[in-house]
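Shown next: my_file-v6.txt, given as compact mmCIF, C-alpha atoms.
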```txt
# COMPACT_ATOMS: atom_id res chain seq x y z
CA MET V 8 0.00 0.00 0.00
CA ALA V 9 2.82 2.38 0.89
CA THR V 10 4.64 1.50 -2.33
CA ARG V 11 1.51 2.17 -4.42
CA SER V 12 0.96 5.49 -2.64
CA LEU V 13 4.52 6.51 -3.37
CA LEU V 14 4.17 5.54 -7.03
CA GLU V 15 0.98 7.56 -7.39
CA ALA V 16 2.26 10.58 -5.52
CA GLY V 17 5.67 10.41 -7.15
CA GLY V 18 4.23 10.18 -10.66
CA ALA V 19 2.11 13.28 -10.16
CA LEU V 20 5.02 15.08 -8.54
CA LEU V 21 7.37 14.31 -11.40
CA GLN V 22 4.83 15.72 -13.86
CA ARG V 23 4.69 18.97 -11.88
CA ALA V 24 8.46 19.06 -11.48
CA ALA V 25 8.97 18.67 -15.22
CA ALA V 26 7.35 22.06 -15.66
CA GLY V 27 9.87 23.62 -13.29
CA SER V 28 13.65 23.89 -13.29
CA PRO V 29 16.01 21.08 -14.39
CA LEU V 30 17.25 20.90 -10.79
CA SER V 31 13.72 20.29 -9.54
CA THR V 32 13.21 17.52 -12.09
CA ALA V 33 16.52 15.81 -11.30
CA LEU V 34 15.94 16.12 -7.58
CA ALA V 35 12.43 14.73 -7.82
CA ALA V 36 13.50 11.80 -10.00
CA ALA V 37 16.47 10.87 -7.83
CA ALA V 38 14.55 11.19 -4.61
CA PHE V 39 11.63 9.23 -6.04
CA VAL V 40 13.92 6.33 -6.96
CA LEU V 41 15.57 6.46 -3.54
CA GLY V 42 12.22 6.48 -1.79
CA LEU V 43 10.91 3.54 -3.81
CA GLY V 44 14.08 1.56 -3.14
CA TYR V 45 13.83 2.38 0.53
CA LEU V 46 10.27 1.06 0.75
CA LEU V 47 11.06 -2.07 -1.25
CA GLN V 48 14.04 -2.78 0.96
CA LEU V 49 11.88 -2.56 4.04
CA GLY V 50 9.25 -4.75 2.43
CA CYS V 51 6.71 -2.27 3.73
CA ARG V 52 7.27 -3.61 7.23
CA GLN V 53 5.82 -1.70 10.12
CA ARG V 54 8.51 0.16 12.04
CA ARG V 55 8.38 1.11 15.65
CA PRO V 56 7.72 4.81 16.03
CA PRO V 57 10.57 6.76 17.66
CA PRO V 58 10.10 7.59 21.32
CA PRO V 59 8.55 11.03 21.78
CA ALA V 60 11.03 13.76 22.65
CA ALA V 61 10.61 15.51 25.96
CA GLY V 62 9.12 18.95 25.51
CA LYS V 63 6.99 20.52 22.82
CA PRO V 64 8.28 19.85 19.27
CA PRO V 65 8.53 22.66 16.68
CA PRO V 66 5.55 23.16 14.34
CA PHE V 67 5.75 20.56 11.58
CA ILE V 68 4.92 21.31 7.93
CA ALA V 69 3.23 18.13 6.74
CA SER V 70 3.64 16.79 3.22
CA PRO V 71 1.39 14.30 1.39
CA VAL V 72 4.43 12.88 -0.43
CA PRO V 73 6.24 10.09 1.45
CA PHE V 74 10.02 10.35 1.83
CA LEU V 75 10.45 13.16 -0.71
CA GLY V 76 8.55 15.64 1.44
CA HIS V 77 9.03 19.27 0.43
CA ALA V 78 12.23 18.74 -1.58
CA VAL V 79 10.87 19.91 -4.93
CA ALA V 80 9.13 23.03 -3.56
CA PHE V 81 12.29 23.93 -1.64
CA ALA V 82 14.55 23.36 -4.65
CA ARG V 83 12.35 25.55 -6.86
CA SER V 84 12.46 28.55 -4.53
CA PRO V 85 13.99 28.08 -1.07
CA ILE V 86 13.56 31.75 -0.15
CA ARG V 87 9.85 31.77 -1.02
CA PHE V 88 9.31 28.47 0.78
CA LEU V 89 11.03 29.64 3.98
CA GLU V 90 9.40 33.08 4.01
CA ALA V 91 5.96 31.51 3.62
CA ALA V 92 6.70 29.08 6.45
CA TYR V 93 7.88 31.95 8.67
CA GLU V 94 4.65 33.86 8.07
CA THR V 95 2.55 30.78 8.87
CA TYR V 96 4.45 29.01 11.64
CA GLY V 97 6.75 31.62 13.18
CA PRO V 98 10.53 31.60 13.67
CA VAL V 99 10.93 27.86 14.35
CA PHE V 100 9.48 25.07 12.21
CA SER V 101 10.34 21.61 10.86
CA PHE V 102 9.75 19.79 7.57
CA THR V 103 11.12 16.76 5.73
CA MET V 104 13.07 16.42 2.50
CA VAL V 105 14.39 13.10 1.13
CA GLY V 106 13.81 11.29 4.39
CA LYS V 107 15.56 13.89 6.55
CA THR V 108 13.98 16.33 8.99
CA PHE V 109 15.10 19.96 8.89
CA THR V 110 14.36 22.55 11.57
CA TYR V 111 14.87 26.16 10.53
CA LEU V 112 15.59 28.98 12.98
CA LEU V 113 14.60 32.33 11.44
CA GLY V 114 15.13 35.71 13.03
CA SER V 115 17.90 36.84 15.34
CA ASP V 116 16.54 35.34 18.57
CA ALA V 117 15.96 31.86 17.15
CA ALA V 118 19.24 31.87 15.20
CA SER V 119 21.18 32.52 18.40
CA LEU V 120 20.72 28.85 19.30
CA LEU V 121 22.90 27.73 16.38
CA PHE V 122 25.51 30.48 16.71
CA ASN V 123 25.90 30.06 20.48
CA SER V 124 25.91 26.25 20.49
CA LYS V 125 28.78 23.87 21.17
CA ASN V 126 29.91 21.57 18.39
CA GLU V 127 29.23 18.48 20.48
CA ASP V 128 25.56 19.53 20.72
CA LEU V 129 24.93 20.96 17.25
CA ASN V 130 27.55 19.27 15.11
CA ALA V 131 28.95 20.70 11.88
CA GLU V 132 30.84 17.66 10.56
CA ASP V 133 27.71 15.51 10.53
CA VAL V 134 26.12 17.68 7.82
CA TYR V 135 28.95 19.42 5.98
CA SER V 136 31.19 16.40 5.42
CA ARG V 137 28.84 15.03 2.74
CA LEU V 138 29.31 18.32 0.84
CA THR V 139 32.98 19.09 1.43
CA THR V 140 34.71 15.70 1.48
CA PRO V 141 34.01 14.85 -2.20
CA VAL V 142 35.27 18.32 -3.16
CA PHE V 143 38.25 18.88 -0.82
CA GLY V 144 39.17 15.25 -0.18
CA LYS V 145 39.64 13.17 2.93
CA GLY V 146 41.70 14.27 5.91
CA VAL V 147 40.78 17.96 5.84
CA ALA V 148 37.96 20.31 6.81
CA TYR V 149 34.81 18.51 7.98
CA ASP V 150 36.23 15.06 7.26
CA VAL V 151 38.33 15.23 10.45
CA PRO V 152 37.42 15.69 14.12
CA ASN V 153 36.71 19.29 15.06
CA PRO V 154 39.95 19.83 17.06
CA VAL V 155 41.99 18.80 14.00
CA PHE V 156 39.95 21.08 11.75
CA LEU V 157 40.56 23.98 14.13
CA GLU V 158 44.31 23.33 13.91
CA GLN V 159 44.11 23.34 10.11
CA LYS V 160 42.21 26.64 10.11
CA LYS V 161 44.92 28.18 12.31
CA MET V 162 47.53 27.00 9.81
CA LEU V 163 45.70 28.77 7.00
CA LYS V 164 45.32 31.95 9.03
CA THR V 165 49.10 31.99 9.50
CA GLY V 166 49.43 32.76 5.80
CA LEU V 167 46.50 35.20 5.71
CA ASN V 168 47.80 38.33 7.43
CA ILE V 169 47.81 42.07 6.79
CA ALA V 170 51.28 42.02 5.25
CA GLN V 171 50.11 39.43 2.72
CA PHE V 172 46.88 41.34 2.02
CA LYS V 173 48.87 44.49 1.19
CA GLN V 174 50.88 42.55 -1.38
CA HIS V 175 47.72 40.99 -2.79
CA VAL V 176 46.24 44.38 -3.76
CA ARG V 177 48.90 44.87 -6.45
CA VAL V 178 48.46 41.31 -7.70
CA ILE V 179 44.67 41.62 -7.89
CA GLU V 180 44.86 44.95 -9.70
CA LYS V 181 47.28 43.60 -12.32
CA GLU V 182 45.25 40.42 -12.88
CA THR V 183 42.08 42.52 -13.23
CA LYS V 184 43.56 44.95 -15.75
CA ASP V 185 45.07 42.13 -17.82
CA TYR V 186 41.76 40.27 -17.82
CA PHE V 187 39.60 43.17 -18.93
CA ASN V 188 42.17 44.41 -21.46
CA SER V 189 41.83 41.04 -23.18
CA TRP V 190 38.17 41.76 -23.91
CA GLY V 191 38.71 44.39 -26.53
CA GLN V 192 36.64 47.56 -26.97
CA SER V 193 33.12 46.18 -27.42
CA GLY V 194 30.92 43.15 -26.96
CA LYS V 195 28.74 41.44 -24.39
CA ARG V 196 29.70 39.11 -21.55
CA ASN V 197 27.88 37.31 -18.76
CA LEU V 198 28.87 39.21 -15.63
CA PHE V 199 28.77 36.26 -13.26
CA GLU V 200 30.76 34.00 -15.58
CA ALA V 201 33.31 36.74 -16.21
CA LEU V 202 33.83 37.53 -12.53
CA SER V 203 34.07 33.83 -11.73
CA GLU V 204 36.87 33.51 -14.29
CA LEU V 205 38.64 36.61 -13.00
CA ILE V 206 38.45 35.64 -9.35
CA ILE V 207 39.79 32.17 -10.09
CA LEU V 208 42.86 33.95 -11.50
CA THR V 209 43.26 36.39 -8.60
CA ALA V 210 42.51 33.82 -5.91
CA SER V 211 44.88 31.26 -7.38
CA HIS V 212 47.68 33.82 -7.65
CA CYS V 213 47.18 35.21 -4.14
CA LEU V 214 46.24 32.05 -2.25
CA HIS V 215 48.24 29.36 -4.04
CA GLY V 216 51.39 30.94 -5.41
CA LYS V 217 52.98 31.65 -8.76
CA GLU V 218 53.65 28.01 -9.74
CA ILE V 219 50.00 26.98 -9.51
CA ARG V 220 48.86 30.26 -11.10
CA SER V 221 51.19 29.63 -14.06
CA LEU V 222 49.42 26.32 -14.71
CA LEU V 223 45.98 27.90 -14.74
CA ASN V 224 44.41 27.75 -18.19
CA GLU V 225 40.86 27.34 -19.48
CA LYS V 226 40.91 23.59 -18.86
CA VAL V 227 42.00 23.97 -15.23
CA ALA V 228 39.52 26.81 -14.71
CA GLN V 229 36.77 24.46 -15.92
CA LEU V 230 37.94 21.85 -13.43
CA TYR V 231 37.52 24.40 -10.63
CA ALA V 232 34.04 25.19 -11.94
CA ASP V 233 33.16 21.48 -11.93
CA LEU V 234 34.41 21.18 -8.37
CA ASP V 235 32.41 24.20 -7.28
CA GLY V 236 29.40 22.57 -8.94
CA GLY V 237 29.56 19.99 -6.15
CA PHE V 238 28.02 22.52 -3.75
CA THR V 239 24.37 22.18 -4.76
CA HIS V 240 21.02 21.32 -3.23
CA ALA V 241 21.36 17.89 -4.85
CA ALA V 242 24.73 17.29 -3.14
CA TRP V 243 23.20 18.43 0.14
CA LEU V 244 20.17 16.17 -0.04
CA LEU V 245 21.17 13.14 -2.09
CA PRO V 246 23.75 10.36 -1.53
CA GLY V 247 27.10 10.99 -3.19
CA TRP V 248 27.09 7.60 -4.92
CA LEU V 249 24.21 8.52 -7.23
CA PRO V 250 25.44 8.63 -10.87
CA LEU V 251 24.42 12.25 -11.42
CA PRO V 252 26.42 14.12 -14.11
CA SER V 253 27.37 16.90 -11.68
CA PHE V 254 28.70 14.32 -9.19
CA ARG V 255 30.77 12.63 -11.90
CA ARG V 256 32.23 15.95 -13.05
CA ARG V 257 33.01 16.89 -9.45
CA ASP V 258 34.84 13.62 -8.76
CA ARG V 259 36.85 13.76 -11.98
CA ALA V 260 37.83 17.37 -11.35
CA HIS V 261 38.91 16.51 -7.80
CA ARG V 262 41.27 13.81 -9.03
CA GLU V 263 42.80 15.94 -11.77
CA ILE V 264 43.33 19.03 -9.62
CA LYS V 265 44.86 16.93 -6.85
CA ASN V 266 47.35 15.50 -9.34
CA ILE V 267 48.31 19.02 -10.49
CA PHE V 268 48.88 20.09 -6.90
CA TYR V 269 50.91 16.97 -6.06
CA LYS V 270 53.37 17.80 -8.85
CA VAL V 271 53.74 21.42 -7.70
CA ILE V 272 54.22 20.37 -4.07
CA GLN V 273 56.89 17.80 -4.98
CA LYS V 274 58.69 20.28 -7.24
CA ARG V 275 58.80 22.88 -4.44
CA ARG V 276 60.06 20.32 -1.93
CA GLN V 277 62.78 19.06 -4.26
CA SER V 278 63.96 22.49 -5.40
CA GLY V 279 64.68 23.73 -1.90
CA GLU V 280 63.47 27.18 -2.94
CA ARG V 281 61.34 29.17 -0.53
CA GLU V 282 58.53 31.54 -1.48
CA ASP V 283 56.44 33.90 0.63
CA ASP V 284 53.11 32.26 -0.19
CA MET V 285 50.44 29.95 1.19
CA LEU V 286 52.02 26.83 -0.29
CA GLN V 287 55.23 27.53 1.62
CA THR V 288 53.22 28.19 4.78
CA LEU V 289 51.56 24.79 4.54
CA LEU V 290 54.87 23.06 3.81
CA ASP V 291 56.40 24.61 6.95
CA VAL V 292 53.62 24.38 9.55
CA ARG V 293 53.24 21.54 12.03
CA TYR V 294 50.41 20.10 14.07
CA LYS V 295 50.60 20.48 17.84
CA ASP V 296 52.20 17.06 18.14
CA GLY V 297 54.95 18.09 15.73
CA HIS V 298 54.06 16.15 12.57
CA PRO V 299 53.80 18.01 9.24
CA LEU V 300 50.95 18.08 6.79
CA THR V 301 50.94 15.34 4.16
CA ASP V 302 50.89 16.24 0.47
CA ASP V 303 47.29 15.06 0.34
CA GLU V 304 46.32 17.34 3.23
CA ILE V 305 48.10 20.31 1.62
CA ALA V 306 46.36 19.70 -1.70
CA GLY V 307 42.97 19.41 0.01
CA MET V 308 43.50 22.60 2.01
CA LEU V 309 44.57 24.50 -1.11
CA ILE V 310 41.39 23.38 -2.88
CA GLY V 311 39.26 24.40 0.09
CA LEU V 312 40.96 27.76 0.42
CA LEU V 313 40.50 28.62 -3.24
CA LEU V 314 36.87 27.53 -3.52
CA ALA V 315 35.88 29.20 -0.26
CA GLY V 316 37.30 32.51 -1.47
CA GLN V 317 36.28 32.16 -5.11
CA HIS V 318 32.68 31.15 -4.49
CA THR V 319 31.85 33.93 -2.03
CA SER V 320 33.76 36.62 -3.94
CA SER V 321 32.42 35.83 -7.42
CA THR V 322 28.82 35.62 -6.20
CA THR V 323 29.06 38.85 -4.21
CA SER V 324 30.92 40.71 -6.97
CA ALA V 325 28.34 39.72 -9.57
CA TRP V 326 25.43 40.88 -7.42
CA LEU V 327 27.26 44.11 -6.56
CA GLY V 328 27.75 44.73 -10.27
CA PHE V 329 24.05 44.04 -10.87
CA PHE V 330 22.90 46.49 -8.20
CA LEU V 331 25.28 49.22 -9.40
CA ALA V 332 24.29 48.71 -13.03
CA ARG V 333 20.64 49.06 -12.06
CA ASP V 334 21.20 52.34 -10.18
CA LYS V 335 23.18 54.78 -12.33
CA SER V 336 23.20 57.41 -9.59
CA ILE V 337 24.97 55.18 -7.06
CA GLN V 338 27.27 53.92 -9.80
CA GLU V 339 28.36 57.48 -10.58
CA GLN V 340 28.80 58.33 -6.89
CA CYS V 341 31.11 55.31 -6.46
CA TYR V 342 33.20 56.46 -9.43
CA VAL V 343 33.46 60.01 -8.05
CA GLU V 344 34.48 58.61 -4.66
CA GLN V 345 37.16 56.43 -6.24
CA LYS V 346 38.69 59.40 -8.05
CA ALA V 347 38.54 61.51 -4.89
CA VAL V 348 40.32 58.86 -2.80
CA CYS V 349 42.75 57.51 -5.39
CA GLY V 350 43.31 60.49 -7.71
CA ASP V 351 41.70 61.67 -10.94
CA ASP V 352 44.02 59.61 -13.11
CA LEU V 353 43.36 56.51 -10.95
CA PRO V 354 46.96 55.48 -10.19
CA PRO V 355 47.71 52.02 -8.73
CA LEU V 356 45.50 51.22 -5.77
CA SER V 357 46.98 50.79 -2.29
CA TYR V 358 45.67 48.74 0.62
CA ASP V 359 45.33 51.79 2.87
CA GLN V 360 43.03 53.53 0.38
CA LEU V 361 40.41 50.78 0.61
CA LYS V 362 39.19 51.90 4.04
CA ASP V 363 38.40 55.36 2.65
CA LEU V 364 36.04 54.05 -0.04
CA ASN V 365 33.09 54.42 2.31
CA LEU V 366 30.24 54.38 -0.22
CA LEU V 367 31.65 51.31 -1.95
CA ASP V 368 31.91 49.65 1.46
CA ARG V 369 28.24 50.41 2.17
CA CYS V 370 27.26 49.05 -1.24
CA LEU V 371 29.15 45.86 -0.49
CA LYS V 372 27.42 45.50 2.89
CA GLU V 373 24.02 46.00 1.31
CA THR V 374 24.85 43.44 -1.39
CA LEU V 375 25.80 40.93 1.31
CA ARG V 376 22.52 41.66 3.06
CA LEU V 377 20.29 41.10 0.05
CA ARG V 378 22.34 38.34 -1.56
CA PRO V 379 24.62 36.67 1.00
CA PRO V 380 26.83 33.97 -0.54
CA ILE V 381 25.68 31.42 2.04
CA MET V 382 22.02 30.47 1.70
CA THR V 383 21.86 28.12 4.69
CA MET V 384 24.10 27.27 7.64
CA MET V 385 23.55 23.82 9.08
CA ARG V 386 24.25 21.68 12.13
CA MET V 387 23.13 18.22 13.21
CA ALA V 388 21.41 18.04 16.57
CA ARG V 389 23.16 15.42 18.69
CA THR V 390 21.37 16.40 21.89
CA PRO V 391 17.89 17.88 22.54
CA GLN V 392 17.89 21.66 21.98
CA THR V 393 15.38 24.15 23.34
CA VAL V 394 14.48 27.37 21.52
CA ALA V 395 11.41 29.64 21.55
CA GLY V 396 9.56 27.19 23.80
CA TYR V 397 10.17 24.21 21.49
CA THR V 398 12.44 21.20 21.90
CA ILE V 399 14.38 20.04 18.83
CA PRO V 400 15.18 16.31 19.11
CA PRO V 401 18.50 14.69 18.13
CA GLY V 402 18.69 13.80 14.45
CA HIS V 403 17.20 17.02 13.12
CA GLN V 404 19.32 19.14 10.79
CA VAL V 405 19.17 22.56 12.42
CA CYS V 406 19.46 25.42 9.92
CA VAL V 407 19.75 29.21 9.79
CA SER V 408 19.25 31.12 6.54
CA PRO V 409 21.14 34.42 6.33
CA THR V 410 19.27 35.16 3.09
CA VAL V 411 15.90 35.05 4.83
CA ASN V 412 17.09 36.70 8.04
CA HIS V 413 18.46 39.63 6.03
CA ARG V 414 15.07 40.43 4.49
CA LEU V 415 12.70 39.93 7.41
CA LYS V 416 10.36 42.91 7.70
CA ASP V 417 10.50 42.51 11.48
CA SER V 418 14.18 43.54 11.39
CA TRP V 419 14.73 45.68 8.31
CA VAL V 420 13.01 48.80 6.95
CA GLU V 421 12.33 48.53 3.20
CA ALA V 422 13.85 45.09 3.45
CA LEU V 423 13.88 44.27 -0.27
CA GLU V 424 15.33 47.60 -1.42
CA PHE V 425 19.02 48.20 -2.19
CA LYS V 426 19.73 51.13 0.13
CA PRO V 427 23.45 51.47 0.99
CA ASP V 428 22.85 54.61 3.04
CA ARG V 429 21.07 52.55 5.70
CA TYR V 430 24.61 51.81 6.98
CA LEU V 431 25.28 55.46 7.72
CA GLN V 432 23.75 54.47 11.05
CA ASP V 433 25.95 52.31 13.27
CA ASN V 434 23.57 49.35 13.20
CA PRO V 435 20.46 49.33 11.01
CA ALA V 436 19.11 46.34 12.95
CA ALA V 437 20.12 47.49 16.42
CA GLY V 438 19.57 45.04 19.23
CA GLU V 439 19.38 42.02 16.93
CA LYS V 440 22.81 40.41 17.06
CA PHE V 441 22.19 37.78 14.38
CA SER V 442 20.01 39.73 11.96
CA TYR V 443 23.05 40.38 9.72
CA VAL V 444 25.22 37.29 9.33
CA PRO V 445 26.46 37.01 5.70
CA PHE V 446 29.39 34.79 6.72
CA GLY V 447 28.08 33.50 10.03
CA ALA V 448 28.35 34.88 13.53
CA ASP V 449 32.07 35.60 13.07
CA GLN V 450 31.66 37.67 9.88
CA ASP V 451 33.69 40.52 11.37
CA GLN V 452 36.72 38.26 11.06
CA HIS V 453 36.36 37.91 7.26
```
Could the structure of this file be written out as C-alpha cells, please?
Amino acid sequence: MATRSLLEAGGALLQRAAAGSPLSTALAAAAFVLGLGYLLQLGCRQRRPPPPAAGKPPPFIASPVPFLGHAVAFARSPIRFLEAAYETYGPVFSFTMVGKTFTYLLGSDAASLLFNSKNEDLNAEDVYSRLTTPVFGKGVAYDVPNPVFLEQKKMLKTGLNIAQFKQHVRVIEKETKDYFNSWGQSGKRNLFEALSELIILTASHCLHGKEIRSLLNEKVAQLYADLDGGFTHAAWLLPGWLPLPSFRRRDRAHREIKNIFYKVIQKRRQSGEREDDMLQTLLDVRYKDGHPLTDDEIAGMLIGLLLAGQHTSSTTSAWLGFFLARDKSIQEQCYVEQKAVCGDDLPPLSYDQLKDLNLLDRCLKETLRLRPPIMTMMRMARTPQTVAGYTIPPGHQVCVSPTVNHRLKDSWVEALEFKPDRYLQDNPAAGEKFSYVPFGADQDQH
C-alpha cells in the first residue's frame, strides 16, 4: 500500500516538477527512486515509532508525499518556501526532505541557538562532510574531528595576514587589468561567468602561489568550476554515490586538480626554494604534536581555500555589479568617490586607500545583506535543543538562513530595497545580534 501510494504521488510530482527547473526535475527523479528503493528494501514492514522527545516539538509542515517531502518546492524557490513558512508558523518550524527532517531557525533570537551552540551539541561535521569531502578530499575540513579542523584553520590563518593582504592588492589589480584588457573595446559578456573567471585567477595567484597560477588555463579553470558545482542542493540532499552528471564531473575534477597540486608540491620540496606564499606556509607548519601536513592534506586545504574565497567573492561581486548597473546614480557616486580617494588619473591602488572608499563599502554591505553567498548554515542536533519554547530532538538538521534573516520585515526597513545609506547608522538592525550574518556569527573576522 505504501509503495503504491509513493508511485501515485511520485508520478504526479514528477509531472509537476517537469514544468519547473532542471534541478527540480533531477531532484524529484532521484529522490523518487531512492524512496521507492527504501520502501522495497523494508518490504513495507511496520517500524516502531521513535520515542517522543521531551518537551513541545517545533511546528511541523506536513507533506502528502512520502520520503520526498518538500524537496521539490524547496529546490524551486527556497527563499519563497522559507518566508511563507515563517509567516505561517513563526521563527521555528520543521519539515522533511528526502527522508531527513530539517528545523529552521529564522530571526535573530531563534538563530542565536545555532551560533551560540557547542559543536558536540549541534555538530557541523555531521552535515557538511557530505558536501565538502568529495570536493576537498579526505583528511581535511569537515572530514576530520573538530579539534583537528581547528588546527588546520589556524595553519591557513598563518598565511592570511595584513602584510600578505597588502601585497595581494597589487596582484589583484594587475590580474584585473590584464583580464579586462583582453576583452577588446566592445561586446557582451555574462557578468557572473566573467567575474568567476577573474576571481579564479586572482585567488589562485594570491592564495596558491605563482607556480600553480602559471598552470591555470581554461581547462583547469573548468575543473575548478566542476568542483564548485559539487556545492548544490542535490549534493546536500542526495547520496554521493548517485550517478548524477554533476557528481561525476566533481569527482573527476577533484582527481585531476589533486594530481596538479601533487606535482607542484613535490617540485617545491625538491627544489629547496622558498617563497612567501600559502604553499610555503603549509609546507612549513606543524600540528601540535609536531608532525607536518601530508601532500594530500596540503592539496585538500589548497582546494578548500581557493573555492571558499572564489565562491563567495564571485557571487558577491556579480550581485554588486548588478545592483550598481541598475542604479546609475549610485554607480556614478562610487566612481566620483574612487577618483577623490585615489586620484583623478586613478593610479595604482593601495591597501590603505580601501578603508576610505566608504560608499563602496556600504554598497558591499548591502549586497551581502540582500544576496549573501551562504544560503543556509547547518548543524546536526546530537542532543535535545530548546528554543522559543520548542524542543528540537537529536537527528534534526538545524538550519539558519542568512538570506531570509536579512530580508525579514521585522528587522529591516524597506527590506527588499538596495539602500546602501542605511549603513550610515551604526547598526540598522540594532539590538538584533544575528540579523546580519552574511558569513556566520564571526563575519567581522572575514
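For V:Gln404, the list of residues within 7 Å, based on all atoms listed in the file and with local chain neighbours fewer than 6 positions off taken out, reads Thr108, Phe109, Thr110, Met385, Arg386, Met387 and Ala388 of chain V.
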Name the residues in contact with V:Tyr231 at a cut-off of 12 Å, using only C-alpha atoms, excluding same-chain residues fewer than 6 positions from it; report them as a count of residues only. 32
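In terms of minimum interatomic distance to V:Gly247, V:Pro141 ranks closest within V:Gly97, V:Pro141, V:Pro445, V:Pro152, counting all atoms listed in the file.
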Taking 5 positions as the minimum chain separation for residues in the same chain, which residues sit within 12 Å of V:Gln340 when counting only C-alpha atoms? Answer as a ChimeraX atom specification. /V:331,334-335,345-347,364-367,370,427
Just give me the gap between atom CA of V:Glu280 and atom CA of V:Lys217 in Å, one decimal is fine. 12.8 Å
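With all atoms listed in the file as the atoms that count, the residue of V:Val394, V:Ala80, V:Met285, V:Ala242 with the shortest distance to V:Gly166 is V:Met285.
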Atom-to-atom span, atom CA of V:Asp351 and atom CA of V:Glu180, Å: 17.1 Å
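Atom CA of V:Phe329 is found 20.4 Å from atom CA of V:Ser84.
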Compile a residue-level contact table for stretch 76-106 of chain V against stretch 64-67 of chain V at a cut-off of 6 Å, reporting for every qualifying residue the shortest atom pair and its distance in Å to one decimal, with all atoms listed in the file counted, rows ordered by chain and ascending number, as a Markdown table.
```
| residue | atom | partner | partner_atom | distance |
| --- | --- | --- | --- | --- |
| V:Phe100 | CA | V:Pro66 | CA | 4.9 |
| V:Ser101 | CA | V:Phe67 | CA | 4.8 |
| V:Phe102 | CA | V:Phe67 | CA | 5.7 |
```
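Using all atoms listed in the file, the shortest contact distance between V:Leu431 and any of V:Leu251, V:Asp368, V:Asp283, V:Met384 is found at V:Asp368.
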What are the closest atom pairs, with distances in Å to one decimal, for each residue of stretch 258-357 of chain V lying within 10 Å of stretch 187-198 of chain V, using all atoms listed in the file, rows by chain and rising residue number, as CSV?
```
residue,atom,partner,partner_atom,distance
V:Ser321,CA,V:Leu198,CA,9.6
V:Ser324,CA,V:Leu198,CA,9.0
V:Ala325,CA,V:Leu198,CA,6.1
V:Trp326,CA,V:Leu198,CA,9.1
V:Gly328,CA,V:Leu198,CA,7.8
V:Phe329,CA,V:Leu198,CA,8.3
```
Closest to V:Asn168 among V:Asn123, V:Thr288, V:Thr139, V:Asn266, using all atoms listed in the file? V:Thr288
For a cut-off of 12 Å around (30.7, 22.9, 19.8), file coordinates, pick out all residues using only C-alpha atoms and list them as a PyMOL selection string. chain V and resi 120-132+152-154+157+386-390
